[in-house]
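Containing mmCIF, C-alpha atoms: run_6.cif.
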data_upload
loop_
_atom_site.group_PDB
_atom_site.id
_atom_site.type_symbol
_atom_site.label_atom_id
_atom_site.label_comp_id
_atom_site.auth_asym_id
_atom_site.auth_seq_id
_atom_site.Cartn_x
_atom_site.Cartn_y
_atom_site.Cartn_z
ATOM 1 C CA MET A 1 13.687 1.940 -18.008
ATOM 2 C CA ARG A 2 11.361 4.935 -17.718
ATOM 3 C CA ALA A 3 11.131 6.338 -14.226
ATOM 4 C CA ALA A 4 10.084 9.337 -12.223
ATOM 5 C CA ARG A 5 13.212 10.997 -10.837
ATOM 6 C CA TYR A 6 14.490 14.108 -9.122
ATOM 7 C CA HIS A 7 18.080 15.338 -9.304
ATOM 8 C CA GLU A 8 17.864 17.748 -6.376
ATOM 9 C CA TYR A 9 15.705 18.260 -3.318
ATOM 10 C CA GLY A 10 12.800 20.621 -3.820
ATOM 11 C CA ASP A 11 9.106 21.074 -4.561
ATOM 12 C CA THR A 12 7.145 19.148 -7.188
ATOM 13 C CA THR A 13 8.892 21.034 -10.015
ATOM 14 C CA VAL A 14 12.036 18.938 -9.475
ATOM 15 C CA LEU A 15 10.166 15.802 -10.560
ATOM 16 C CA THR A 16 10.646 14.578 -14.102
ATOM 17 C CA VAL A 17 10.054 11.412 -16.131
ATOM 18 C CA GLU A 18 13.156 10.145 -17.902
ATOM 19 C CA GLU A 19 15.265 7.131 -18.767
ATOM 20 C CA ALA A 20 17.131 5.670 -15.798
ATOM 21 C CA PRO A 21 19.419 2.668 -15.286
ATOM 22 C CA ASP A 22 17.671 -0.650 -14.658
ATOM 23 C CA PRO A 23 18.031 -1.736 -11.011
ATOM 24 C CA THR A 24 19.433 -5.178 -10.142
ATOM 25 C CA PRO A 25 18.174 -7.246 -7.212
ATOM 26 C CA GLY A 26 20.734 -8.220 -4.604
ATOM 27 C CA PRO A 27 20.679 -11.263 -2.314
ATOM 28 C CA GLY A 28 17.272 -11.689 -0.723
ATOM 29 C CA GLU A 29 15.617 -9.295 -3.183
ATOM 30 C CA ILE A 30 13.434 -9.548 -6.273
ATOM 31 C CA ARG A 31 12.767 -7.223 -9.180
ATOM 32 C CA ILE A 32 9.310 -6.589 -10.552
ATOM 33 C CA ARG A 33 7.977 -5.037 -13.722
ATOM 34 C CA VAL A 34 5.825 -2.418 -12.071
ATOM 35 C CA ALA A 35 2.135 -2.079 -12.908
ATOM 36 C CA ALA A 36 1.412 0.622 -10.326
ATOM 37 C CA ALA A 37 3.100 2.348 -7.389
ATOM 38 C CA SER A 38 1.630 4.392 -4.567
ATOM 39 C CA VAL A 39 2.391 7.910 -3.344
ATOM 40 C CA ASN A 40 2.879 8.215 0.404
ATOM 41 C CA PRO A 41 3.572 11.286 2.557
ATOM 42 C CA VAL A 42 7.093 10.002 3.185
ATOM 43 C CA ASP A 43 7.756 10.226 -0.569
ATOM 44 C CA TRP A 44 7.306 13.993 -0.797
ATOM 45 C CA LYS A 45 8.941 14.576 2.586
ATOM 46 C CA VAL A 46 12.028 12.769 1.288
ATOM 47 C CA ARG A 47 11.851 14.574 -2.075
ATOM 48 C CA SER A 48 11.603 17.994 -0.425
ATOM 49 C CA GLY A 49 14.648 17.354 1.759
ATOM 50 C CA ALA A 50 12.607 17.833 4.927
ATOM 51 C CA VAL A 51 13.816 14.502 6.327
ATOM 52 C CA ARG A 52 17.253 14.338 4.739
ATOM 53 C CA GLY A 53 18.805 13.872 8.201
ATOM 54 C CA PRO A 54 17.127 10.597 9.181
ATOM 55 C CA LEU A 55 16.331 9.532 5.593
ATOM 56 C CA PRO A 56 19.136 10.622 3.241
ATOM 57 C CA VAL A 57 18.996 9.448 -0.367
ATOM 58 C CA ASP A 58 21.445 9.288 -3.233
ATOM 59 C CA LEU A 59 20.536 11.705 -6.016
ATOM 60 C CA PRO A 60 19.150 11.381 -8.599
ATOM 61 C CA ALA A 61 16.432 9.423 -6.833
ATOM 62 C CA VAL A 62 13.303 7.588 -7.936
ATOM 63 C CA PRO A 63 10.434 8.333 -5.511
ATOM 64 C CA GLY A 64 8.240 5.659 -4.016
ATOM 65 C CA ARG A 65 8.427 2.808 -1.500
ATOM 66 C CA ASP A 66 5.743 0.329 -2.551
ATOM 67 C CA ALA A 67 4.433 -1.153 -5.766
ATOM 68 C CA VAL A 68 2.742 -4.109 -7.429
ATOM 69 C CA GLY A 69 3.926 -5.965 -10.485
ATOM 70 C CA VAL A 70 5.146 -9.200 -12.019
ATOM 71 C CA VAL A 71 8.445 -10.714 -10.914
ATOM 72 C CA ASP A 72 11.020 -10.597 -13.709
ATOM 73 C CA GLU A 73 14.313 -11.235 -11.882
ATOM 74 C CA ILE A 74 15.191 -12.972 -8.614
ATOM 75 C CA GLY A 75 18.219 -12.310 -6.435
ATOM 76 C CA GLU A 76 20.417 -14.909 -4.806
ATOM 77 C CA GLY A 77 18.944 -16.991 -2.011
ATOM 78 C CA VAL A 78 15.277 -16.165 -2.582
ATOM 79 C CA PRO A 79 12.926 -19.161 -2.206
ATOM 80 C CA GLY A 80 9.205 -19.443 -2.802
ATOM 81 C CA VAL A 81 8.791 -16.988 -5.674
ATOM 82 C CA ALA A 82 9.071 -17.418 -9.437
ATOM 83 C CA VAL A 83 9.432 -15.196 -12.482
ATOM 84 C CA GLY A 84 5.924 -14.296 -13.586
ATOM 85 C CA ASP A 85 4.390 -14.194 -10.095
ATOM 86 C CA ARG A 86 2.213 -11.150 -9.350
ATOM 87 C CA VAL A 87 3.337 -9.632 -6.046
ATOM 88 C CA PHE A 88 3.032 -6.435 -4.048
ATOM 89 C CA GLY A 89 5.644 -5.169 -1.672
ATOM 90 C CA LEU A 90 8.224 -2.733 -0.414
ATOM 91 C CA GLY A 91 11.676 -1.637 -1.448
ATOM 92 C CA GLY A 92 13.866 1.017 0.109
ATOM 93 C CA VAL A 93 13.019 4.619 0.887
ATOM 94 C CA THR A 94 13.064 5.289 -2.872
ATOM 95 C CA GLY A 95 12.854 3.345 -6.121
ATOM 96 C CA ALA A 96 9.270 2.215 -6.713
ATOM 97 C CA THR A 97 7.865 4.696 -9.252
ATOM 98 C CA ALA A 98 9.546 3.223 -12.303
ATOM 99 C CA GLU A 99 9.043 0.509 -14.883
ATOM 100 C CA LEU A 100 11.303 -1.767 -12.827
ATOM 101 C CA ALA A 101 11.648 -1.813 -9.037
ATOM 102 C CA VAL A 102 13.547 -3.913 -6.511
ATOM 103 C CA LEU A 103 11.617 -5.225 -3.503
ATOM 104 C CA SER A 104 13.025 -6.519 -0.221
ATOM 105 C CA ALA A 105 9.652 -7.618 1.201
ATOM 106 C CA TRP A 106 6.694 -8.946 -0.769
ATOM 107 C CA ALA A 107 3.701 -11.265 -0.858
ATOM 108 C CA PRO A 108 1.433 -12.637 -3.591
ATOM 109 C CA ALA A 109 -1.133 -10.011 -4.563
ATOM 110 C CA PRO A 110 -4.684 -11.242 -3.915
ATOM 111 C CA ALA A 111 -6.581 -11.923 -7.141
ATOM 112 C CA ALA A 112 -9.445 -9.875 -5.736
ATOM 113 C CA TRP A 113 -7.277 -6.741 -5.671
ATOM 114 C CA SER A 114 -6.837 -4.639 -8.793
ATOM 115 C CA ASP A 115 -3.335 -3.358 -9.552
ATOM 116 C CA GLU A 116 -4.381 0.032 -8.210
ATOM 117 C CA GLU A 117 -5.531 -1.495 -4.916
ATOM 118 C CA ALA A 118 -2.491 -3.741 -4.556
ATOM 119 C CA ALA A 119 -0.170 -0.804 -5.225
ATOM 120 C CA GLY A 120 -1.689 1.046 -2.297
ATOM 121 C CA ALA A 121 -1.480 -1.841 0.161
ATOM 122 C CA ALA A 122 2.080 -2.507 1.248
ATOM 123 C CA LEU A 123 3.263 0.542 3.192
ATOM 124 C CA ALA A 124 -0.203 1.321 4.560
ATOM 125 C CA ALA A 125 -0.707 -2.266 5.723
ATOM 126 C CA VAL A 126 2.658 -2.748 7.440
ATOM 127 C CA THR A 127 2.364 0.651 9.119
ATOM 128 C CA ALA A 128 -1.143 -0.150 10.344
ATOM 129 C CA LEU A 129 -0.086 -3.626 11.485
ATOM 130 C CA SER A 130 2.920 -2.205 13.302
ATOM 131 C CA GLY A 131 0.670 0.123 15.287
ATOM 132 C CA LEU A 132 -2.010 -2.478 15.965
ATOM 133 C CA LYS A 133 0.454 -5.173 17.015
ATOM 134 C CA THR A 134 2.098 -2.718 19.410
ATOM 135 C CA LEU A 135 -1.298 -2.141 21.047
ATOM 136 C CA GLY A 136 -1.746 -5.868 21.674
ATOM 137 C CA PRO A 137 -4.816 -8.125 21.388
ATOM 138 C CA LEU A 138 -7.795 -6.325 19.863
ATOM 139 C CA SER A 139 -10.648 -8.793 20.138
ATOM 140 C CA GLY A 140 -13.399 -7.375 22.300
ATOM 141 C CA ARG A 141 -11.634 -4.040 22.728
ATOM 142 C CA THR A 142 -12.881 -0.599 21.727
ATOM 143 C CA LEU A 143 -10.255 1.066 19.555
ATOM 144 C CA LEU A 144 -10.166 4.735 18.580
ATOM 145 C CA ILE A 145 -8.299 5.506 15.344
ATOM 146 C CA GLU A 146 -7.404 9.166 14.881
ATOM 147 C CA GLY A 147 -7.176 9.967 11.168
ATOM 148 C CA ALA A 148 -9.131 6.903 10.075
ATOM 149 C CA ALA A 149 -9.850 7.956 6.480
ATOM 150 C CA GLY A 150 -6.241 8.185 5.283
ATOM 151 C CA GLY A 151 -4.169 5.411 3.758
ATOM 152 C CA VAL A 152 -2.855 4.003 7.037
ATOM 153 C CA GLY A 153 -6.001 4.805 9.022
ATOM 154 C CA SER A 154 -8.362 3.114 6.572
ATOM 155 C CA ALA A 155 -6.148 0.011 6.493
ATOM 156 C CA ALA A 156 -6.080 -0.041 10.297
ATOM 157 C CA VAL A 157 -9.883 0.177 10.478
ATOM 158 C CA GLU A 158 -10.425 -2.923 8.365
ATOM 159 C CA ILE A 159 -7.578 -4.924 9.907
ATOM 160 C CA ALA A 160 -8.681 -4.096 13.467
ATOM 161 C CA ALA A 161 -12.317 -4.886 12.712
ATOM 162 C CA ALA A 162 -11.244 -8.229 11.225
ATOM 163 C CA GLN A 163 -9.473 -8.967 14.528
ATOM 164 C CA GLY A 164 -12.647 -8.394 16.518
ATOM 165 C CA ALA A 165 -12.244 -4.803 17.682
ATOM 166 C CA THR A 166 -15.030 -2.263 17.873
ATOM 167 C CA VAL A 167 -13.513 0.602 15.906
ATOM 168 C CA ILE A 168 -14.357 4.289 16.249
ATOM 169 C CA GLY A 169 -12.665 6.450 13.630
ATOM 170 C CA THR A 170 -12.203 10.202 13.396
ATOM 171 C CA ALA A 171 -12.476 12.043 10.095
ATOM 172 C CA GLY A 172 -14.144 15.046 8.543
ATOM 173 C CA GLU A 173 -17.893 14.711 8.148
ATOM 174 C CA HIS A 174 -17.565 14.249 4.383
ATOM 175 C CA ASN A 175 -15.701 10.973 5.115
ATOM 176 C CA HIS A 176 -18.151 9.527 7.633
ATOM 177 C CA ALA A 177 -20.002 7.351 5.124
ATOM 178 C CA PHE A 178 -16.609 6.075 3.936
ATOM 179 C CA LEU A 179 -15.668 5.073 7.494
ATOM 180 C CA THR A 180 -19.012 3.361 8.010
ATOM 181 C CA ALA A 181 -18.401 1.313 4.862
ATOM 182 C CA LEU A 182 -14.992 0.289 6.241
ATOM 183 C CA GLY A 183 -16.588 -0.981 9.438
ATOM 184 C CA ALA A 184 -15.936 1.919 11.818
ATOM 185 C CA VAL A 185 -18.241 4.096 13.866
ATOM 186 C CA PRO A 186 -17.412 7.595 12.569
ATOM 187 C CA THR A 187 -17.027 10.808 14.514
ATOM 188 C CA THR A 188 -15.367 14.153 13.900
ATOM 189 C CA TYR A 189 -11.964 15.040 15.293
ATOM 190 C CA GLY A 190 -11.002 18.125 17.278
ATOM 191 C CA THR A 191 -12.696 20.064 20.045
ATOM 192 C CA GLY A 192 -15.308 18.080 21.950
ATOM 193 C CA LEU A 193 -13.993 14.650 20.912
ATOM 194 C CA ALA A 194 -14.044 13.321 24.492
ATOM 195 C CA GLU A 195 -17.704 14.305 24.858
ATOM 196 C CA ARG A 196 -18.656 12.697 21.559
ATOM 197 C CA LEU A 197 -16.844 9.512 22.536
ATOM 198 C CA ALA A 198 -18.688 9.389 25.851
ATOM 199 C CA ASP A 199 -21.883 8.940 23.846
ATOM 200 C CA LEU A 200 -20.415 6.489 21.316
ATOM 201 C CA ALA A 201 -18.465 4.382 23.829
ATOM 202 C CA PRO A 202 -20.110 4.697 27.247
ATOM 203 C CA ASN A 203 -17.779 2.022 28.655
ATOM 204 C CA GLY A 204 -14.737 3.995 27.534
ATOM 205 C CA ILE A 205 -11.967 3.723 24.969
ATOM 206 C CA ASP A 206 -9.579 0.824 25.550
ATOM 207 C CA LEU A 207 -6.905 1.640 22.987
ATOM 208 C CA VAL A 208 -5.949 4.497 20.647
ATOM 209 C CA LEU A 209 -4.019 4.492 17.371
ATOM 210 C CA ASP A 210 -2.917 7.902 16.121
ATOM 211 C CA ALA A 211 -2.594 7.757 12.331
ATOM 212 C CA ALA A 212 -3.015 11.505 11.835
ATOM 213 C CA GLY A 213 -0.107 13.222 13.560
ATOM 214 C CA SER A 214 -2.236 16.346 13.805
ATOM 215 C CA GLY A 215 -1.036 17.444 17.220
ATOM 216 C CA SER A 216 -3.869 15.782 19.106
ATOM 217 C CA LEU A 217 -1.727 13.316 21.053
ATOM 218 C CA ASP A 218 -2.196 15.088 24.396
ATOM 219 C CA ALA A 219 -5.970 14.816 24.041
ATOM 220 C CA LEU A 220 -5.750 11.185 22.928
ATOM 221 C CA VAL A 221 -3.710 10.257 26.008
ATOM 222 C CA GLU A 222 -6.294 11.957 28.195
ATOM 223 C CA ILE A 223 -9.092 10.036 26.454
ATOM 224 C CA ALA A 224 -7.276 6.715 26.890
ATOM 225 C CA GLY A 225 -6.341 7.487 30.482
ATOM 226 C CA ASP A 226 -2.828 6.088 30.125
ATOM 227 C CA PRO A 227 -0.068 6.736 27.545
ATOM 228 C CA ALA A 228 0.603 2.978 27.537
ATOM 229 C CA ARG A 229 -2.762 2.513 25.800
ATOM 230 C CA VAL A 230 -1.874 4.878 22.945
ATOM 231 C CA VAL A 231 0.364 4.262 19.927
ATOM 232 C CA THR A 232 1.249 6.740 17.197
ATOM 233 C CA VAL A 233 2.674 6.014 13.759
ATOM 234 C CA THR A 234 3.292 9.680 12.962
ATOM 235 C CA ASP A 235 3.914 11.998 15.920
ATOM 236 C CA HIS A 236 7.417 11.107 17.098
ATOM 237 C CA ARG A 237 8.135 14.427 18.783
ATOM 238 C CA ASN A 238 5.088 14.530 21.040
ATOM 239 C CA ALA A 239 5.248 10.793 21.691
ATOM 240 C CA GLU A 240 8.602 11.124 23.404
ATOM 241 C CA ARG A 241 7.315 13.982 25.566
ATOM 242 C CA LEU A 242 4.188 12.072 26.595
ATOM 243 C CA GLY A 243 5.628 8.591 26.950
ATOM 244 C CA VAL A 244 3.567 7.250 24.053
ATOM 245 C CA ARG A 245 4.922 4.336 22.041
ATOM 246 C CA VAL A 246 5.834 4.907 18.389
ATOM 247 C CA ALA A 247 5.312 2.196 15.764
ATOM 248 C CA ASN A 248 7.208 2.352 12.484
ATOM 249 C CA ALA A 249 6.682 0.584 9.170
ATOM 250 C CA VAL A 250 8.740 -2.580 8.784
ATOM 251 C CA ASN A 251 9.656 -4.323 5.524
ATOM 252 C CA ASP A 252 8.208 -7.615 6.708
ATOM 253 C CA SER A 253 7.010 -10.196 4.180
ATOM 254 C CA ALA A 254 5.046 -12.031 6.890
ATOM 255 C CA TRP A 255 3.024 -8.898 7.622
ATOM 256 C CA LEU A 256 2.379 -8.397 3.910
ATOM 257 C CA ALA A 257 1.189 -12.012 3.705
ATOM 258 C CA GLU A 258 -1.113 -11.317 6.665
ATOM 259 C CA ALA A 259 -2.625 -8.349 4.833
ATOM 260 C CA ALA A 260 -2.941 -10.404 1.643
ATOM 261 C CA ASP A 261 -4.750 -13.166 3.533
ATOM 262 C CA LEU A 262 -7.285 -10.621 4.782
ATOM 263 C CA GLY A 263 -7.612 -9.431 1.187
ATOM 264 C CA GLU A 264 -8.254 -12.950 -0.089
ATOM 265 C CA ARG A 265 -10.979 -13.350 2.539
ATOM 266 C CA GLY A 266 -12.605 -10.032 1.648
ATOM 267 C CA ARG A 267 -11.737 -8.464 5.010
ATOM 268 C CA TYR A 268 -9.303 -5.825 3.718
ATOM 269 C CA THR A 269 -9.431 -3.910 0.460
ATOM 270 C CA PRO A 270 -6.982 -1.012 -0.012
ATOM 271 C CA ARG A 271 -8.928 2.157 -0.808
ATOM 272 C CA VAL A 272 -7.721 4.346 -3.679
ATOM 273 C CA GLU A 273 -8.847 7.948 -3.972
ATOM 274 C CA ARG A 274 -7.270 8.701 -7.338
ATOM 275 C CA THR A 275 -4.831 7.363 -9.899
ATOM 276 C CA TYR A 276 -2.390 9.291 -12.096
ATOM 277 C CA PRO A 277 -0.304 8.245 -15.105
ATOM 278 C CA LEU A 278 3.476 8.272 -14.603
ATOM 279 C CA GLU A 279 3.739 11.448 -16.664
ATOM 280 C CA GLU A 280 1.690 13.257 -13.996
ATOM 281 C CA ILE A 281 3.905 12.311 -11.055
ATOM 282 C CA ALA A 282 4.213 15.970 -10.023
ATOM 283 C CA ARG A 283 0.420 16.290 -9.801
ATOM 284 C CA ALA A 284 0.240 13.073 -7.784
ATOM 285 C CA HIS A 285 2.780 14.412 -5.279
ATOM 286 C CA ALA A 286 0.973 17.759 -5.099
ATOM 287 C CA HIS A 287 -2.300 15.949 -4.406
ATOM 288 C CA SER A 288 -0.696 14.022 -1.543
ATOM 289 C CA GLU A 289 0.937 17.143 -0.116
ATOM 290 C CA GLY A 290 -2.421 18.894 -0.113
ATOM 291 C CA GLY A 291 -3.618 16.513 2.611
ATOM 292 C CA HIS A 292 -7.147 15.257 3.364
ATOM 293 C CA VAL A 293 -6.620 12.228 1.110
ATOM 294 C CA ARG A 294 -9.197 9.443 1.433
ATOM 295 C CA GLY A 295 -7.265 6.215 1.144
ATOM 296 C CA LYS A 296 -4.333 6.144 -1.287
ATOM 297 C CA ILE A 297 -3.004 7.942 -4.357
ATOM 298 C CA VAL A 298 -1.587 5.608 -7.000
ATOM 299 C CA VAL A 299 0.614 6.126 -10.065
ATOM 300 C CA LEU A 300 -0.004 3.815 -13.013
ATOM 301 C CA LEU A 301 2.915 2.570 -15.062
#
Can I see the file as structure tokens?
Amino acid sequence: MRAARYHEYGDTTVLTVEEAPDPTPGPGEIRIRVAAASVNPVDWKVRSGAVRGPLPVDLPAVPGRDAVGVVDEIGEGVPGVAVGDRVFGLGGVTGATAELAVLSAWAPAPAAWSDEEAAGAALAAVTALSGLKTLGPLSGRTLLIEGAAGGVGSAAVEIAAAQGATVIGTAGEHNHAFLTALGAVPTTYGTGLAERLADLAPNGIDLVLDAAGSGSLDALVEIAGDPARVVTVTDHRNAERLGVRVANAVNDSAWLAEAADLGERGRYTPRVERTYPLEEIARAHAHSEGGHVRGKIVVLL
């Protein structure tokens, strides 16, 4: 199969497109013929070696955690899926940006989602759901999402709004119309946020989800009034210091099915900023590393 790979840790210059061995699904896994895969910040952090301690990989490695495609092989003990089904889902820390990928969690891809949209859904959705579920019931609550225009943040906006929350999202001014379209009340991040929120939410902020990891956790705890009302999916270091709960992505097929159900009902559509062909994997990673991405970056196979 053709795949993006890197043979050593490093910057985007270590990425290449080459022939690689076909992967084989183990028990409880499926293999898909990939139509598209997404690029997430964890992908280039792993590739660079920055997180080789907690997330070591065997080299050479194929970058990517999530993808969409058609099932072409099924591992032992896997019910409810057939060869030819179109699914989106998650594999391991690596392996998705290739013609063939093994998934350990998946769900049927909504017909309403294009391949590009479905490719960008899995990791963003389970990360957003992990944070939102940690916060508890959302109906009737006012939720602040820090970093609402990114892949996880934009997913969290739509999912939270579908659950009955009033969502206020922070982003740069150029993304405010985007947040409004998602169903959030937009505001800018940074200095003066508490004052701006006093006008937007005169009854206060009930819950906070930090999807930015920009170092604002101290201020977010102060806005919420209690670290128990704040969850971060990115800022592990400051969370421990402040007593804030951390939510991590989980390869959970039930959560993917929950996101797909919202997609079928038109309540959640993964947002894609830009697509790249496989041959431009290095440019796709560079784009993600540059930050300020609206939604997701997707690689087309």
Contacts of A:Leu209 at 7 Å or less, counting only C-alpha atoms, minus same-chain residues fewer than 3 places along, as a compact mmCIF listing (two decimals) with C-alpha atoms, in the frame of the given file?
# COMPACT_ATOMS: atom_id res chain seq x y z
CA GLY A 131 0.67 0.12 15.29
CA LEU A 144 -10.17 4.74 18.58
CA ILE A 145 -8.30 5.51 15.34
CA GLU A 146 -7.40 9.17 14.88
CA VAL A 230 -1.87 4.88 22.94
CA VAL A 231 0.36 4.26 19.93
CA THR A 232 1.25 6.74 17.20
*Got a sec: who's within 10 Å of A:Asp218, counting all atoms listed in the file, leaving out chain neighbours fewer than 5 positions off, as a PyMOL selection string?*
chain A and resi 223+227+238-239+241-242+244
Residues matched by the PyMOL selection byres ((chain A and resi 68) around 12) as a ChimeraX atom specification: /A:31-38,64-67,69-71,85-91,96-103,105-110,113-123,298-301
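Each of A:His7, A:Lys133, A:His292, A:Arg196 was compared to A:Gly147 using only C-alpha atoms, and A:His292 turns out to be the nearest.
Among the candidate residues A:Asp210, A:Asp226, A:Glu258, A:Glu280, the one lying nearest to A:Gly243 is A:Asp226, with distances computed using only C-alpha atoms.
The closest residue to A:Thr269, picked from A:Leu55, A:Ala4, A:Val42, A:Ala162 and counting all atoms listed in the file, is A:Ala162.
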_Quick check, in Å to one decimal: how far apart do atom CA of A:Pro186 and atom CA of A:Ile168 lie?_
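Separation of atom CA of A:Pro186 and atom CA of A:Ile168: 5.8 Å.
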| request: Starting from the displayed file, determine the output of the PyMOL selection byres ((chain A and resi 126) around 9) and express the residue list as a ChimeraX atom specification. | output: /A:121-125,127-131,152,248-252,255-256,259
One decimal, Å: what's the distance from atom CA of A:Pro23 over to atom CA of A:Arg283, could you say?
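Result for atom CA of A:Pro23 versus atom CA of A:Arg283: 25.2 Å, one decimal.
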At a cut-off of 9 Å, using all atoms listed in the file, what residues contact A:Lys45? Leave out same-chain residues fewer than 6 positions from it and give the result as a list in words. Val51, Arg52 and Glu289 of chain A
Using only C-alpha atoms, the residue out of A:Gly204, A:Tyr189, A:Ala111, A:Leu182 with shortest distance to A:Thr142 is A:Gly204
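Reported to one decimal place, the separation of atom CA of A:His285 from atom CA of A:Ala177 is 26.0 Å.
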### Query
Could you write out as a count of residues only the residues that the PyMOL selection byres ((chain A and resi 78) around 10) matches in the shown file?
13
Item to complete: Fewer than 3 positions away in the same chain doesn't count, so skip those; otherwise give me all residues within 8 Å of A:Ala20, counting all atoms listed in the file, as a VMD selection string.
Response: chain A and resid 1 to 3
Item to complete: Considering all atoms listed in the file, return as a ChimeraX atom specification whatever protein or nucleic-acid residues lie within 9 Å of A:Ser139, sequence-local ones (same chain, fewer than 2 positions apart) excluded.
Response: /A:137,141-142,160-166
For A:Gly266, the closest of A:Leu59, A:Ile159, A:Gly151, A:Ala212 counting all atoms listed in the file is A:Ile159
Output as AutoDock Vina command-line options the centre and edge lengths (Å, one decimal) of the box along x, y and z of the file that holds every listed atom of stretch 22-26 of chain A after adding 6 Å on each side.
--center_x 19.2 --center_y -4.4 --center_z -9.6 --size_x 15.1 --size_y 19.6 --size_z 22.1
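Taking all atoms listed in the file into account, the protein, DNA and RNA residues within 12 Å of (-9.1, 14.1, -1.3) read Ala149, Gly150, Gly151, Gly172, His174, Asn175, Arg271, Val272, Glu273, Arg274, Thr275, Ala284, Ala286, His287, Ser288, Glu289, Gly290, Gly291, His292, Val293, Arg294, Gly295, Lys296 and Ile297 of chain A.
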Could you save the residues just selected, with C-alpha atoms, as a PDB file, keeping the file's coordinate frame?
ATOM      1  CA  ALA A 149      -9.850   7.956   6.480  1.00  0.00           C
ATOM      2  CA  GLY A 150      -6.241   8.185   5.283  1.00  0.00           C
ATOM      3  CA  GLY A 151      -4.169   5.411   3.758  1.00  0.00           C
ATOM      4  CA  GLY A 172     -14.144  15.046   8.543  1.00  0.00           C
ATOM      5  CA  HIS A 174     -17.565  14.249   4.383  1.00  0.00           C
ATOM      6  CA  ASN A 175     -15.701  10.973   5.115  1.00  0.00           C
ATOM      7  CA  ARG A 271      -8.928   2.157  -0.808  1.00  0.00           C
ATOM      8  CA  VAL A 272      -7.721   4.346  -3.679  1.00  0.00           C
ATOM      9  CA  GLU A 273      -8.847   7.948  -3.972  1.00  0.00           C
ATOM     10  CA  ARG A 274      -7.270   8.701  -7.338  1.00  0.00           C
ATOM     11  CA  THR A 275      -4.831   7.363  -9.899  1.00  0.00           C
ATOM     12  CA  ALA A 284       0.240  13.073  -7.784  1.00  0.00           C
ATOM     13  CA  ALA A 286       0.973  17.759  -5.099  1.00  0.00           C
ATOM     14  CA  HIS A 287      -2.300  15.949  -4.406  1.00  0.00           C
ATOM     15  CA  SER A 288      -0.696  14.022  -1.543  1.00  0.00           C
ATOM     16  CA  GLU A 289       0.937  17.143  -0.116  1.00  0.00           C
ATOM     17  CA  GLY A 290      -2.421  18.894  -0.113  1.00  0.00           C
ATOM     18  CA  GLY A 291      -3.618  16.513   2.611  1.00  0.00           C
ATOM     19  CA  HIS A 292      -7.147  15.257   3.364  1.00  0.00           C
ATOM     20  CA  VAL A 293      -6.620  12.228   1.110  1.00  0.00           C
ATOM     21  CA  ARG A 294      -9.197   9.443   1.433  1.00  0.00           C
ATOM     22  CA  GLY A 295      -7.265   6.215   1.144  1.00  0.00           C
ATOM     23  CA  LYS A 296      -4.333   6.144  -1.287  1.00  0.00           C
ATOM     24  CA  ILE A 297      -3.004   7.942  -4.357  1.00  0.00           C
TER      25      ILE A 297
END
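Taking only C-alpha atoms into account, A:Thr170 lies nearest to A:Val208 out of the set A:Ala257, A:Val208, A:Pro202, A:Leu138.
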